[in-house]
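Asker: Here you go, this is run-v4.cif (mmCIF, C-alpha atoms).
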data_target
loop_
_atom_site.group_PDB
_atom_site.id
_atom_site.type_symbol
_atom_site.label_atom_id
_atom_site.label_comp_id
_atom_site.auth_asym_id
_atom_site.auth_seq_id
_atom_site.Cartn_x
_atom_site.Cartn_y
_atom_site.Cartn_z
ATOM 1 C CA MET A 1 -9.323 1.246 -46.653
ATOM 2 C CA SER A 2 -9.869 4.588 -44.912
ATOM 3 C CA ASN A 3 -13.485 3.690 -44.250
ATOM 4 C CA LEU A 4 -12.437 0.317 -42.786
ATOM 5 C CA LEU A 5 -9.922 2.019 -40.488
ATOM 6 C CA ASP A 6 -12.616 4.435 -39.300
ATOM 7 C CA LEU A 7 -14.990 1.540 -38.650
ATOM 8 C CA LEU A 8 -12.378 -0.444 -36.737
ATOM 9 C CA ILE A 9 -11.367 2.460 -34.507
ATOM 10 C CA ALA A 10 -14.972 3.491 -33.880
ATOM 11 C CA GLY A 11 -15.839 -0.161 -33.183
ATOM 12 C CA LEU A 12 -12.939 -0.529 -30.762
ATOM 13 C CA ALA A 13 -13.958 2.712 -29.016
ATOM 14 C CA THR A 14 -17.542 1.514 -28.585
ATOM 15 C CA GLY A 15 -16.322 -1.976 -27.709
ATOM 16 C CA ALA A 16 -14.023 -0.580 -25.024
ATOM 17 C CA ILE A 17 -17.056 1.027 -23.385
ATOM 18 C CA TYR A 18 -18.948 -2.253 -23.631
ATOM 19 C CA ALA A 19 -15.908 -3.885 -22.033
ATOM 20 C CA ILE A 20 -15.990 -1.473 -19.081
ATOM 21 C CA VAL A 21 -19.656 -2.273 -18.443
ATOM 22 C CA ALA A 22 -19.088 -6.011 -19.003
ATOM 23 C CA VAL A 23 -16.250 -5.981 -16.463
ATOM 24 C CA GLY A 24 -18.777 -4.672 -13.946
ATOM 25 C CA PHE A 25 -21.067 -7.614 -14.722
ATOM 26 C CA THR A 26 -18.146 -9.984 -14.182
ATOM 27 C CA LEU A 27 -16.910 -8.434 -10.942
ATOM 28 C CA LEU A 28 -20.354 -8.488 -9.340
ATOM 29 C CA TRP A 29 -20.902 -12.105 -10.345
ATOM 30 C CA GLN A 30 -17.506 -13.249 -9.127
ATOM 31 C CA THR A 31 -17.702 -11.655 -5.698
ATOM 32 C CA SER A 32 -21.400 -11.840 -4.817
ATOM 33 C CA GLN A 33 -23.126 -13.990 -7.457
ATOM 34 C CA THR A 34 -25.116 -10.926 -8.467
ATOM 35 C CA ILE A 35 -26.385 -10.636 -12.035
ATOM 36 C CA ASN A 36 -27.440 -7.027 -12.435
ATOM 37 C CA PHE A 37 -29.961 -6.731 -15.254
ATOM 38 C CA ALA A 38 -30.179 -3.005 -14.521
ATOM 39 C CA GLN A 39 -26.539 -2.526 -15.563
ATOM 40 C CA GLY A 40 -27.552 -0.721 -18.754
ATOM 41 C CA GLU A 41 -29.730 1.703 -16.795
ATOM 42 C CA PHE A 42 -26.790 2.168 -14.426
ATOM 43 C CA VAL A 43 -24.876 3.495 -17.441
ATOM 44 C CA MET A 44 -27.762 5.718 -18.497
ATOM 45 C CA LEU A 45 -28.430 7.367 -15.120
ATOM 46 C CA PRO A 46 -25.076 9.111 -14.381
ATOM 47 C CA ALA A 47 -25.347 11.204 -17.550
ATOM 48 C CA PHE A 48 -28.666 12.618 -16.331
ATOM 49 C CA LEU A 49 -27.209 13.259 -12.875
ATOM 50 C CA MET A 50 -24.415 15.240 -14.533
ATOM 51 C CA LEU A 51 -26.902 17.125 -16.713
ATOM 52 C CA ALA A 52 -28.986 17.966 -13.631
ATOM 53 C CA ALA A 53 -25.880 19.330 -11.912
ATOM 54 C CA MET A 54 -25.061 21.475 -14.965
ATOM 55 C CA HIS A 55 -28.630 22.776 -15.141
ATOM 56 C CA ALA A 56 -28.252 23.768 -11.477
ATOM 57 C CA GLY A 57 -25.276 25.921 -12.446
ATOM 58 C CA ALA A 58 -22.304 23.622 -11.885
ATOM 59 C CA PRO A 59 -19.474 23.762 -14.440
ATOM 60 C CA PHE A 60 -18.884 20.620 -16.493
ATOM 61 C CA TRP A 61 -15.908 19.384 -14.457
ATOM 62 C CA LEU A 62 -17.820 19.788 -11.188
ATOM 63 C CA ALA A 63 -20.894 18.116 -12.707
ATOM 64 C CA ILE A 64 -18.710 15.147 -13.633
ATOM 65 C CA LEU A 65 -17.421 14.908 -10.065
ATOM 66 C CA ILE A 66 -20.931 15.204 -8.615
ATOM 67 C CA GLY A 67 -22.254 12.591 -11.042
ATOM 68 C CA MET A 68 -19.439 10.179 -10.192
ATOM 69 C CA LEU A 69 -19.925 10.577 -6.436
ATOM 70 C CA LEU A 70 -23.719 10.246 -6.629
ATOM 71 C CA SER A 71 -23.345 7.179 -8.843
ATOM 72 C CA MET A 72 -21.052 5.499 -6.327
ATOM 73 C CA LEU A 73 -23.452 6.396 -3.516
ATOM 74 C CA LEU A 74 -26.673 5.339 -5.285
ATOM 75 C CA LEU A 75 -25.550 2.648 -7.724
ATOM 76 C CA GLY A 76 -22.814 1.235 -5.518
ATOM 77 C CA LEU A 77 -23.562 1.538 -1.814
ATOM 78 C CA GLY A 78 -27.323 2.044 -2.132
ATOM 79 C CA PHE A 79 -27.756 -0.777 -4.644
ATOM 80 C CA LYS A 80 -25.918 -3.231 -2.412
ATOM 81 C CA MET A 81 -27.451 -2.231 0.904
ATOM 82 C CA LEU A 82 -31.043 -1.670 -0.205
ATOM 83 C CA LEU A 83 -31.533 -4.315 -2.887
ATOM 84 C CA VAL A 84 -28.788 -6.916 -3.168
ATOM 85 C CA ASP A 85 -28.309 -7.739 0.526
ATOM 86 C CA PRO A 86 -32.041 -8.182 1.292
ATOM 87 C CA MET A 87 -32.782 -10.123 -1.907
ATOM 88 C CA LEU A 88 -29.682 -12.315 -2.196
ATOM 89 C CA ARG A 89 -30.635 -14.346 0.861
ATOM 90 C CA HIS A 90 -33.666 -15.531 -1.137
ATOM 91 C CA GLY A 91 -31.514 -16.775 -4.008
ATOM 92 C CA VAL A 92 -30.059 -15.613 -7.312
ATOM 93 C CA LEU A 93 -33.311 -15.784 -9.283
ATOM 94 C CA PRO A 94 -35.321 -13.416 -7.031
ATOM 95 C CA LEU A 95 -32.399 -11.000 -7.101
ATOM 96 C CA ALA A 96 -32.245 -11.162 -10.903
ATOM 97 C CA ILE A 97 -35.974 -10.403 -11.092
ATOM 98 C CA ALA A 98 -35.513 -7.528 -8.644
ATOM 99 C CA THR A 99 -32.796 -5.983 -10.814
ATOM 100 C CA MET A 100 -35.103 -6.256 -13.840
ATOM 101 C CA ALA A 101 -37.734 -4.335 -11.877
ATOM 102 C CA LEU A 102 -35.078 -1.801 -10.873
ATOM 103 C CA ALA A 103 -34.173 -1.296 -14.536
ATOM 104 C CA ILE A 104 -37.790 -0.484 -15.376
ATOM 105 C CA GLY A 105 -38.088 1.814 -12.368
ATOM 106 C CA LEU A 106 -34.932 3.773 -13.220
ATOM 107 C CA LYS A 107 -35.973 4.163 -16.834
ATOM 108 C CA GLU A 108 -39.441 5.422 -15.957
ATOM 109 C CA ALA A 109 -38.076 7.713 -13.242
ATOM 110 C CA VAL A 110 -35.667 9.386 -15.671
ATOM 111 C CA LYS A 111 -38.452 9.694 -18.241
ATOM 112 C CA GLN A 112 -40.760 11.260 -15.669
ATOM 113 C CA PHE A 113 -38.419 13.595 -13.785
ATOM 114 C CA PHE A 114 -35.830 14.513 -16.422
ATOM 115 C CA SER A 115 -37.057 14.235 -19.996
ATOM 116 C CA ALA A 116 -38.527 11.789 -22.459
ATOM 117 C CA GLU A 117 -36.550 13.467 -25.242
ATOM 118 C CA ALA A 118 -32.918 12.825 -26.132
ATOM 119 C CA SER A 119 -30.604 15.511 -24.761
ATOM 120 C CA PRO A 120 -27.167 16.504 -26.062
ATOM 121 C CA PHE A 121 -24.274 15.849 -23.731
ATOM 122 C CA PRO A 122 -20.865 17.569 -23.815
ATOM 123 C CA SER A 123 -17.814 15.482 -24.604
ATOM 124 C CA ILE A 124 -14.607 15.485 -22.581
ATOM 125 C CA VAL A 125 -12.772 14.739 -25.849
ATOM 126 C CA PRO A 126 -12.447 17.669 -28.291
ATOM 127 C CA SER A 127 -14.024 17.344 -31.730
ATOM 128 C CA GLY A 128 -12.038 17.164 -34.944
ATOM 129 C CA ASP A 129 -9.882 14.631 -36.764
ATOM 130 C CA ILE A 130 -6.449 13.149 -36.181
ATOM 131 C CA SER A 131 -4.113 11.583 -38.723
ATOM 132 C CA ILE A 132 -3.376 7.863 -38.235
ATOM 133 C CA LEU A 133 -1.362 6.001 -40.868
ATOM 134 C CA GLY A 134 -2.005 8.886 -43.221
ATOM 135 C CA ARG A 135 -5.769 8.673 -42.717
ATOM 136 C CA GLN A 136 -8.054 11.142 -40.954
ATOM 137 C CA VAL A 137 -9.817 9.516 -38.004
ATOM 138 C CA ALA A 138 -12.325 11.097 -35.621
ATOM 139 C CA LEU A 139 -10.495 12.392 -32.557
ATOM 140 C CA GLN A 140 -13.488 11.546 -30.372
ATOM 141 C CA SER A 141 -13.222 7.843 -31.220
ATOM 142 C CA VAL A 142 -9.483 7.824 -30.500
ATOM 143 C CA GLY A 143 -9.934 9.749 -27.253
ATOM 144 C CA VAL A 144 -12.744 7.512 -26.014
ATOM 145 C CA LEU A 145 -10.703 4.412 -26.878
ATOM 146 C CA ALA A 146 -7.637 5.783 -25.067
ATOM 147 C CA LEU A 147 -9.589 6.707 -21.928
ATOM 148 C CA ALA A 148 -11.396 3.356 -21.851
ATOM 149 C CA ILE A 149 -8.134 1.462 -22.276
ATOM 150 C CA ALA A 150 -6.565 3.530 -19.482
ATOM 151 C CA ALA A 151 -9.482 2.621 -17.195
ATOM 152 C CA VAL A 152 -9.186 -1.089 -18.028
ATOM 153 C CA VAL A 153 -5.411 -1.043 -17.533
ATOM 154 C CA GLY A 154 -5.841 0.751 -14.200
ATOM 155 C CA LEU A 155 -8.424 -1.777 -13.033
ATOM 156 C CA THR A 156 -6.247 -4.696 -14.139
ATOM 157 C CA ALA A 157 -3.291 -3.220 -12.246
ATOM 158 C CA LEU A 158 -5.473 -2.809 -9.155
ATOM 159 C CA LEU A 159 -6.590 -6.435 -9.297
ATOM 160 C CA ASN A 160 -3.223 -7.993 -10.098
ATOM 161 C CA ARG A 161 -0.636 -5.737 -8.464
ATOM 162 C CA THR A 162 -2.127 -4.550 -5.184
ATOM 163 C CA SER A 163 -2.963 -6.200 -1.883
ATOM 164 C CA ILE A 164 -6.568 -5.046 -2.154
ATOM 165 C CA GLY A 165 -6.813 -6.572 -5.624
ATOM 166 C CA HIS A 166 -5.452 -9.897 -4.391
ATOM 167 C CA GLN A 167 -7.965 -9.873 -1.547
ATOM 168 C CA MET A 168 -10.771 -9.157 -4.012
ATOM 169 C CA GLN A 169 -9.659 -12.062 -6.188
ATOM 170 C CA ALA A 170 -9.448 -14.372 -3.173
ATOM 171 C CA THR A 171 -12.965 -13.317 -2.188
ATOM 172 C CA ALA A 172 -14.189 -14.040 -5.699
ATOM 173 C CA GLN A 173 -12.533 -17.468 -5.864
ATOM 174 C CA ASN A 174 -13.530 -18.776 -2.430
ATOM 175 C CA PRO A 175 -15.172 -16.449 0.101
ATOM 176 C CA VAL A 176 -15.216 -19.104 2.837
ATOM 177 C CA VAL A 177 -11.462 -19.665 2.720
ATOM 178 C CA ALA A 178 -10.924 -15.915 2.352
ATOM 179 C CA ARG A 179 -12.753 -15.357 5.665
ATOM 180 C CA ILE A 180 -10.685 -18.061 7.357
ATOM 181 C CA ILE A 181 -7.396 -16.399 6.407
ATOM 182 C CA GLY A 182 -8.607 -13.030 7.663
ATOM 183 C CA ILE A 183 -9.717 -11.222 4.523
ATOM 184 C CA PRO A 184 -12.596 -8.774 5.185
ATOM 185 C CA VAL A 185 -14.914 -10.381 2.652
ATOM 186 C CA GLU A 186 -17.860 -8.015 3.129
ATOM 187 C CA ARG A 187 -15.595 -5.016 2.688
ATOM 188 C CA MET A 188 -14.171 -6.488 -0.507
ATOM 189 C CA ILE A 189 -17.653 -7.166 -1.858
ATOM 190 C CA LEU A 190 -18.697 -3.578 -1.079
ATOM 191 C CA LEU A 191 -15.563 -2.333 -2.838
ATOM 192 C CA THR A 192 -16.567 -4.348 -5.890
ATOM 193 C CA PHE A 193 -19.953 -2.626 -5.978
ATOM 194 C CA LEU A 194 -18.290 0.776 -5.681
ATOM 195 C CA ILE A 195 -15.877 -0.083 -8.506
ATOM 196 C CA ASN A 196 -18.803 -1.173 -10.673
ATOM 197 C CA ALA A 197 -20.577 2.130 -9.945
ATOM 198 C CA PHE A 198 -17.457 4.054 -10.941
ATOM 199 C CA LEU A 199 -17.102 2.023 -14.147
ATOM 200 C CA VAL A 200 -20.710 2.581 -15.266
ATOM 201 C CA ALA A 201 -20.402 6.308 -14.519
ATOM 202 C CA LEU A 202 -17.217 6.446 -16.610
ATOM 203 C CA ALA A 203 -18.921 4.514 -19.405
ATOM 204 C CA SER A 204 -21.834 6.971 -19.253
ATOM 205 C CA LEU A 205 -19.439 9.912 -19.519
ATOM 206 C CA LEU A 206 -17.734 8.394 -22.562
ATOM 207 C CA ILE A 207 -20.666 7.036 -24.553
ATOM 208 C CA THR A 208 -23.430 9.591 -23.925
ATOM 209 C CA PRO A 209 -21.872 12.323 -26.127
ATOM 210 C CA ILE A 210 -22.009 9.838 -29.008
ATOM 211 C CA TYR A 211 -25.548 8.462 -28.530
ATOM 212 C CA LEU A 212 -27.116 11.381 -26.569
ATOM 213 C CA ALA A 213 -28.704 11.191 -23.122
ATOM 214 C CA LYS A 214 -31.849 9.073 -23.542
ATOM 215 C CA PHE A 215 -33.919 7.273 -20.935
ATOM 216 C CA SER A 216 -34.052 4.227 -23.219
ATOM 217 C CA SER A 217 -30.336 3.988 -23.994
ATOM 218 C CA GLY A 218 -29.712 1.559 -21.154
ATOM 219 C CA GLU A 219 -31.527 -1.258 -22.950
ATOM 220 C CA VAL A 220 -29.036 -1.397 -25.819
ATOM 221 C CA LEU A 221 -25.983 -0.811 -23.633
ATOM 222 C CA GLY A 222 -26.993 -3.416 -21.073
ATOM 223 C CA GLN A 223 -27.735 -6.016 -23.726
ATOM 224 C CA ALA A 224 -24.462 -5.404 -25.559
ATOM 225 C CA ALA A 225 -22.399 -5.548 -22.356
ATOM 226 C CA PHE A 226 -24.189 -8.698 -21.172
ATOM 227 C CA ILE A 227 -23.524 -10.401 -24.500
ATOM 228 C CA ALA A 228 -19.904 -9.253 -24.320
ATOM 229 C CA ALA A 229 -19.483 -10.723 -20.839
ATOM 230 C CA ILE A 230 -20.913 -14.088 -21.933
ATOM 231 C CA VAL A 231 -18.976 -14.223 -25.210
ATOM 232 C CA GLY A 232 -15.675 -13.390 -23.528
ATOM 233 C CA GLY A 233 -16.231 -15.433 -20.385
ATOM 234 C CA PHE A 234 -18.551 -14.350 -17.601
ATOM 235 C CA ASN A 235 -16.132 -15.358 -14.835
ATOM 236 C CA GLN A 236 -13.007 -13.685 -16.238
ATOM 237 C CA VAL A 237 -12.256 -9.958 -16.341
ATOM 238 C CA ARG A 238 -9.986 -10.449 -19.352
ATOM 239 C CA GLY A 239 -12.810 -12.319 -21.071
ATOM 240 C CA ALA A 240 -15.212 -9.425 -20.500
ATOM 241 C CA ILE A 241 -12.649 -7.047 -21.997
ATOM 242 C CA ALA A 242 -12.085 -9.243 -25.050
ATOM 243 C CA GLY A 243 -15.817 -9.803 -25.484
ATOM 244 C CA GLY A 244 -16.566 -6.079 -25.317
ATOM 245 C CA LEU A 245 -13.977 -5.200 -27.950
ATOM 246 C CA LEU A 246 -15.168 -8.040 -30.194
ATOM 247 C CA ILE A 247 -18.845 -7.072 -29.930
ATOM 248 C CA GLY A 248 -18.046 -3.417 -30.634
ATOM 249 C CA VAL A 249 -16.092 -4.216 -33.801
ATOM 250 C CA VAL A 250 -18.572 -6.838 -35.019
ATOM 251 C CA ASP A 251 -21.493 -4.474 -34.428
ATOM 252 C CA ASN A 252 -19.859 -1.642 -36.390
ATOM 253 C CA LEU A 253 -18.795 -3.860 -39.292
ATOM 254 C CA ALA A 254 -22.240 -5.473 -39.425
ATOM 255 C CA ALA A 255 -23.889 -2.049 -39.667
ATOM 256 C CA ALA A 256 -21.581 -1.061 -42.528
ATOM 257 C CA TYR A 257 -21.348 -4.267 -44.533
ATOM 258 C CA VAL A 258 -24.474 -6.255 -43.655
ATOM 259 C CA SER A 259 -27.416 -4.000 -42.777
ATOM 260 C CA THR A 260 -28.260 -1.413 -40.171
ATOM 261 C CA GLN A 261 -31.621 -3.130 -39.741
ATOM 262 C CA TYR A 262 -30.023 -6.443 -38.803
ATOM 263 C CA ARG A 263 -26.926 -5.187 -36.965
ATOM 264 C CA ALA A 264 -28.378 -6.211 -33.605
ATOM 265 C CA ALA A 265 -28.858 -9.764 -34.876
ATOM 266 C CA VAL A 266 -25.158 -10.313 -35.620
ATOM 267 C CA PRO A 267 -23.967 -10.173 -31.980
ATOM 268 C CA MET A 268 -26.901 -12.409 -31.035
ATOM 269 C CA VAL A 269 -25.814 -14.976 -33.616
ATOM 270 C CA LEU A 270 -22.283 -14.775 -32.204
ATOM 271 C CA LEU A 271 -23.699 -15.289 -28.713
ATOM 272 C CA ILE A 272 -25.640 -18.383 -29.782
ATOM 273 C CA LEU A 273 -22.555 -19.871 -31.441
ATOM 274 C CA ILE A 274 -20.449 -19.277 -28.338
ATOM 275 C CA ILE A 275 -23.074 -20.852 -26.066
ATOM 276 C CA LEU A 276 -23.279 -23.895 -28.326
ATOM 277 C CA LEU A 277 -19.563 -24.366 -28.980
ATOM 278 C CA ARG A 278 -17.880 -22.969 -25.860
ATOM 279 C CA PRO A 279 -20.378 -22.263 -23.066
ATOM 280 C CA GLN A 280 -17.728 -20.847 -20.719
ATOM 281 C CA GLY A 281 -16.837 -18.138 -23.245
ATOM 282 C CA LEU A 282 -13.754 -17.482 -25.310
ATOM 283 C CA LEU A 283 -11.447 -16.837 -22.357
ATOM 284 C CA GLY A 284 -13.618 -18.122 -19.520
ATOM 285 C CA ARG A 285 -13.185 -21.194 -17.399
ATOM 286 C CA ALA A 286 -15.731 -23.827 -16.497
ATOM 287 C CA GLU A 287 -17.611 -22.627 -13.426
ATOM 288 C CA GLU A 288 -16.808 -24.752 -10.401
ATOM 289 C CA ARG A 289 -18.835 -22.956 -7.777
ATOM 290 C CA THR A 290 -22.208 -24.434 -6.952
ATOM 291 C CA VAL A 291 -25.102 -22.076 -7.490
#
Could I get this structure in the form of structure tokens?
Answerer:
Amino acid sequence: MSNLLDLLIAGLATGAIYAIVAVGFTLLWQTSQTINFAQGEFVMLPAFLMLAAMHAGAPFWLAILIGMLLSMLLLGLGFKMLLVDPMLRHGVLPLAIATMALAIGLKEAVKQFFSAEASPFPSIVPSGDISILGRQVALQSVGVLALAIAAVVGLTALLNRTSIGHQMQATAQNPVVARIIGIPVERMILLTFLINAFLVALASLLITPIYLAKFSSGEVLGQAAFIAAIVGGFNQVRGAIAGGLLIGVVDNLAAAYVSTQYRAAVPMVLLILIILLRPQGLLGRAEERTV
């Protein structure tokens, strides 16, 4: 029972990080019809930016701030202005291919200029155990889960309880009508890219201490988050959250009770079943917008 509780909490912690990254997928698709296949590398890169800042002499807290700001500049503003805007006018498919090329470029750049070896990364959550229901559970898992939930709750509050959030939702639902009623659509789309950059930087900060800073880590993270977004519902933030938590738990339980060799196959099987039985995802809605 103790082992199951550990697995569930660790799975929820990992799943919450997947959810954060999956929400970014969903937001970009809703507002700009952008599918970013470099999303996993976007999670990988901020950790190396923070490590570079620490190697330059910055304390950890300042390195976090520098990494967050650089991520929003490069992976938010730069990504939109230099890649998405020029490519999107040619259609969704060329943009998708361009993001695949970007993923390869980021991975090779980190390998070349930082390190090809895995590097340890400090955790913002202290090590040790905490007692839950009379059982000892890793404090890092609980802390990561709490921080990820706080981020998701904050984002949900922004979208549902603020004027900016309502304008972002209106832009996502119908940009033409949003322009007619005076909503600054381009500004809302840019804000979405900045939010996505912040989310991937936060995910990098939370997950890198667990899996180390590796140039190849983006492949697994991007795949898991993409599956989570599809399983939960690619056009619903709540679906991305539910899909991320589900994939995290299923992945952990599969590793423990099925096989570590085939753990990656279990989420893929779940993905295939969802596509066959409910293509719009568990909490998604049928897409009405013409692509």
Asker: Between A:Leu271, A:Ala201, A:Leu93, A:Leu283, which one has atoms that come closest to Gly239 in chain A, using only C-alpha atoms?
Answerer: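 Of A:Leu271, A:Ala201, A:Leu93, A:Leu283, the one nearest Gly239 in chain A is A:Leu283, counting only C-alpha atoms.
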Asker: On this structure, the PyMOL selection byres ((chain A and resi 31) around 7) would catch which residues? List them as a ChimeraX atom specification, sorted by chain and number.
Answerer: /A:27-30,32-33,171-172,189
Asker: On this structure, the PyMOL selection byres ((chain A and resi 151) around 10) would catch which residues? List them as a list in words, sorted by chain and number.
Answerer: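 That selection, the PyMOL selection byres ((chain A and resi 151) around 10), comes back as Ala16, Ile17, Ile20, Leu145, Ala146, Leu147, Ala148, Ile149, Ala150, Val152, Val153, Gly154, Leu155, Thr156, Ala157, Leu199, Leu202 and Ala203 of chain A.
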Asker: Name the residues that the PyMOL selection byres ((chain A and resi 170) around 12) pulls out of this structure, and write them as a CSV table (one decimal) with C-alpha atoms, in the frame of the given file.
Answerer:
chain,number,residue,atom,x,y,z
A,30,GLN,CA,-17.5,-13.2,-9.1
A,31,THR,CA,-17.7,-11.7,-5.7
A,159,LEU,CA,-6.6,-6.4,-9.3
A,160,ASN,CA,-3.2,-8.0,-10.1
A,163,SER,CA,-3.0,-6.2,-1.9
A,164,ILE,CA,-6.6,-5.0,-2.2
A,165,GLY,CA,-6.8,-6.6,-5.6
A,166,HIS,CA,-5.5,-9.9,-4.4
A,167,GLN,CA,-8.0,-9.9,-1.5
A,168,MET,CA,-10.8,-9.2,-4.0
A,169,GLN,CA,-9.7,-12.1,-6.2
A,171,THR,CA,-13.0,-13.3,-2.2
A,172,ALA,CA,-14.2,-14.0,-5.7
A,173,GLN,CA,-12.5,-17.5,-5.9
A,174,ASN,CA,-13.5,-18.8,-2.4
A,175,PRO,CA,-15.2,-16.4,0.1
A,176,VAL,CA,-15.2,-19.1,2.8
A,177,VAL,CA,-11.5,-19.7,2.7
A,178,ALA,CA,-10.9,-15.9,2.4
A,179,ARG,CA,-12.8,-15.4,5.7
A,180,ILE,CA,-10.7,-18.1,7.4
A,181,ILE,CA,-7.4,-16.4,6.4
A,182,GLY,CA,-8.6,-13.0,7.7
A,183,ILE,CA,-9.7,-11.2,4.5
A,184,PRO,CA,-12.6,-8.8,5.2
A,185,VAL,CA,-14.9,-10.4,2.7
A,188,MET,CA,-14.2,-6.5,-0.5
A,189,ILE,CA,-17.7,-7.2,-1.9
Asker: Report as a compact mmCIF listing (two decimals) with C-alpha atoms, in the frame of the given file all protein, DNA and RNA residues lying within 6 Å of Val137 in chain A, evaluated on all atoms listed in the file, omitting residues in the same chain fewer than 6 positions from it.
Answerer:
# COMPACT_ATOMS: atom_id res chain seq x y z
CA ASP A 6 -12.62 4.43 -39.30
CA ASP A 129 -9.88 14.63 -36.76
CA ILE A 130 -6.45 13.15 -36.18
Asker: Which of these, A:Ile210, A:Ile9, A:Met50, A:Ala242, has the shortest distance to Ser123 in chain A once you count all atoms listed in the file?
Answerer: A:Ile210
Asker: If you measure from CA of Asn235 in chain A to CA of Arg285 in chain A, what distance in Å do you get, rounded to one decimal?
Answerer: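 Answer for the CA of Asn235 in chain A to CA of Arg285 in chain A separation: 7.0 Å.
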Asker: Find, counting all atoms listed in the file, the residue in A:Leu245, A:Ala96, A:Ala38, A:Val144 that gets nearest to Ile207 in chain A.
Answerer: A:Val144
Asker: For the atom pair CA of Leu95 in chain A and CA of Phe25 in chain A, what is the interatomic distance in Å to one decimal place?
Answerer: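 CA of Leu95 in chain A sits 14.1 Å away from CA of Phe25 in chain A.
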Asker: Which residue out of A:Phe60, A:Tyr18, A:Phe48, A:Phe193 has the minimum interatomic distance to Gly78 in chain A when all atoms listed in the file are used?
Answerer: A:Phe193
Asker: Take CA of Ile241 in chain A and CA of Val21 in chain A and report the distance between them in Å, one decimal.
Answerer: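 If I compute the distance from CA of Ile241 in chain A to CA of Val21 in chain A, I get 9.2 Å.
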Asker: Near Met54 in chain A, counting only C-alpha atoms, which residues have an atom at most 10 Å away, once you skip same-chain residues fewer than 5 positions from it, shown as a list of chain:residue names?
Answerer: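 Returned residues: A:Phe48, A:Leu49, A:Pro59, A:Phe60, A:Trp61, A:Leu62, A:Ala63, A:Ile64, A:Ile66.
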Asker: Which one is closest to Arg278 in chain A: A:Arg187, A:Phe234, A:Val125, A:Met72? Count all atoms listed in the file.
Answerer: A:Phe234
Asker: Which is closer to Met268 in chain A than all the others in A:Ala118, A:Ile247, A:Leu70, A:Leu212, using only C-alpha atoms?
Answerer: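 Between A:Ala118, A:Ile247, A:Leu70, A:Leu212, the residue approaching Met268 in chain A most closely is A:Ile247.
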Asker: Which residues, written as a PDB file with C-alpha atoms, keeping the file's coordinate frame, have at least one atom at most 12 Å from Ile275 in chain A, with all atoms listed in the file counted and residues fewer than 4 positions away on the same chain left out?
Answerer:
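File around-v4.pdb, as written:
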ATOM      1  CA  ILE A 227     -23.524 -10.401 -24.500  1.00  0.00           C
ATOM      2  CA  ALA A 229     -19.483 -10.723 -20.839  1.00  0.00           C
ATOM      3  CA  ILE A 230     -20.913 -14.088 -21.933  1.00  0.00           C
ATOM      4  CA  VAL A 231     -18.976 -14.223 -25.210  1.00  0.00           C
ATOM      5  CA  GLY A 232     -15.675 -13.390 -23.528  1.00  0.00           C
ATOM      6  CA  GLY A 233     -16.231 -15.433 -20.385  1.00  0.00           C
ATOM      7  CA  PHE A 234     -18.551 -14.350 -17.601  1.00  0.00           C
ATOM      8  CA  MET A 268     -26.901 -12.409 -31.035  1.00  0.00           C
ATOM      9  CA  VAL A 269     -25.814 -14.976 -33.616  1.00  0.00           C
ATOM     10  CA  LEU A 270     -22.283 -14.775 -32.204  1.00  0.00           C
ATOM     11  CA  LEU A 271     -23.699 -15.289 -28.713  1.00  0.00           C
ATOM     12  CA  PRO A 279     -20.378 -22.263 -23.066  1.00  0.00           C
ATOM     13  CA  GLN A 280     -17.728 -20.847 -20.719  1.00  0.00           C
ATOM     14  CA  GLY A 281     -16.837 -18.138 -23.245  1.00  0.00           C
ATOM     15  CA  LEU A 282     -13.754 -17.482 -25.310  1.00  0.00           C
ATOM     16  CA  GLY A 284     -13.618 -18.122 -19.520  1.00  0.00           C
TER      17      GLY A 284
END
Asker: The centre and edge lengths of an axis-aligned box containing all atoms of range 275-278 of chain A present in the file, extended by 4 Å on each side, are to be given in Å to one decimal, as JSON.
Answerer:
{"center_x": -20.6, "center_y": -22.6, "center_z": -27.4, "size_x": 13.4, "size_y": 11.5, "size_z": 11.1}
Asker: Using all atoms listed in the file, can you list as a PyMOL selection string the residues within 8 Å of (-25.8, -9.1, -19.5)?
Answerer: chain A and resi 22+25+35-37+39+222-230
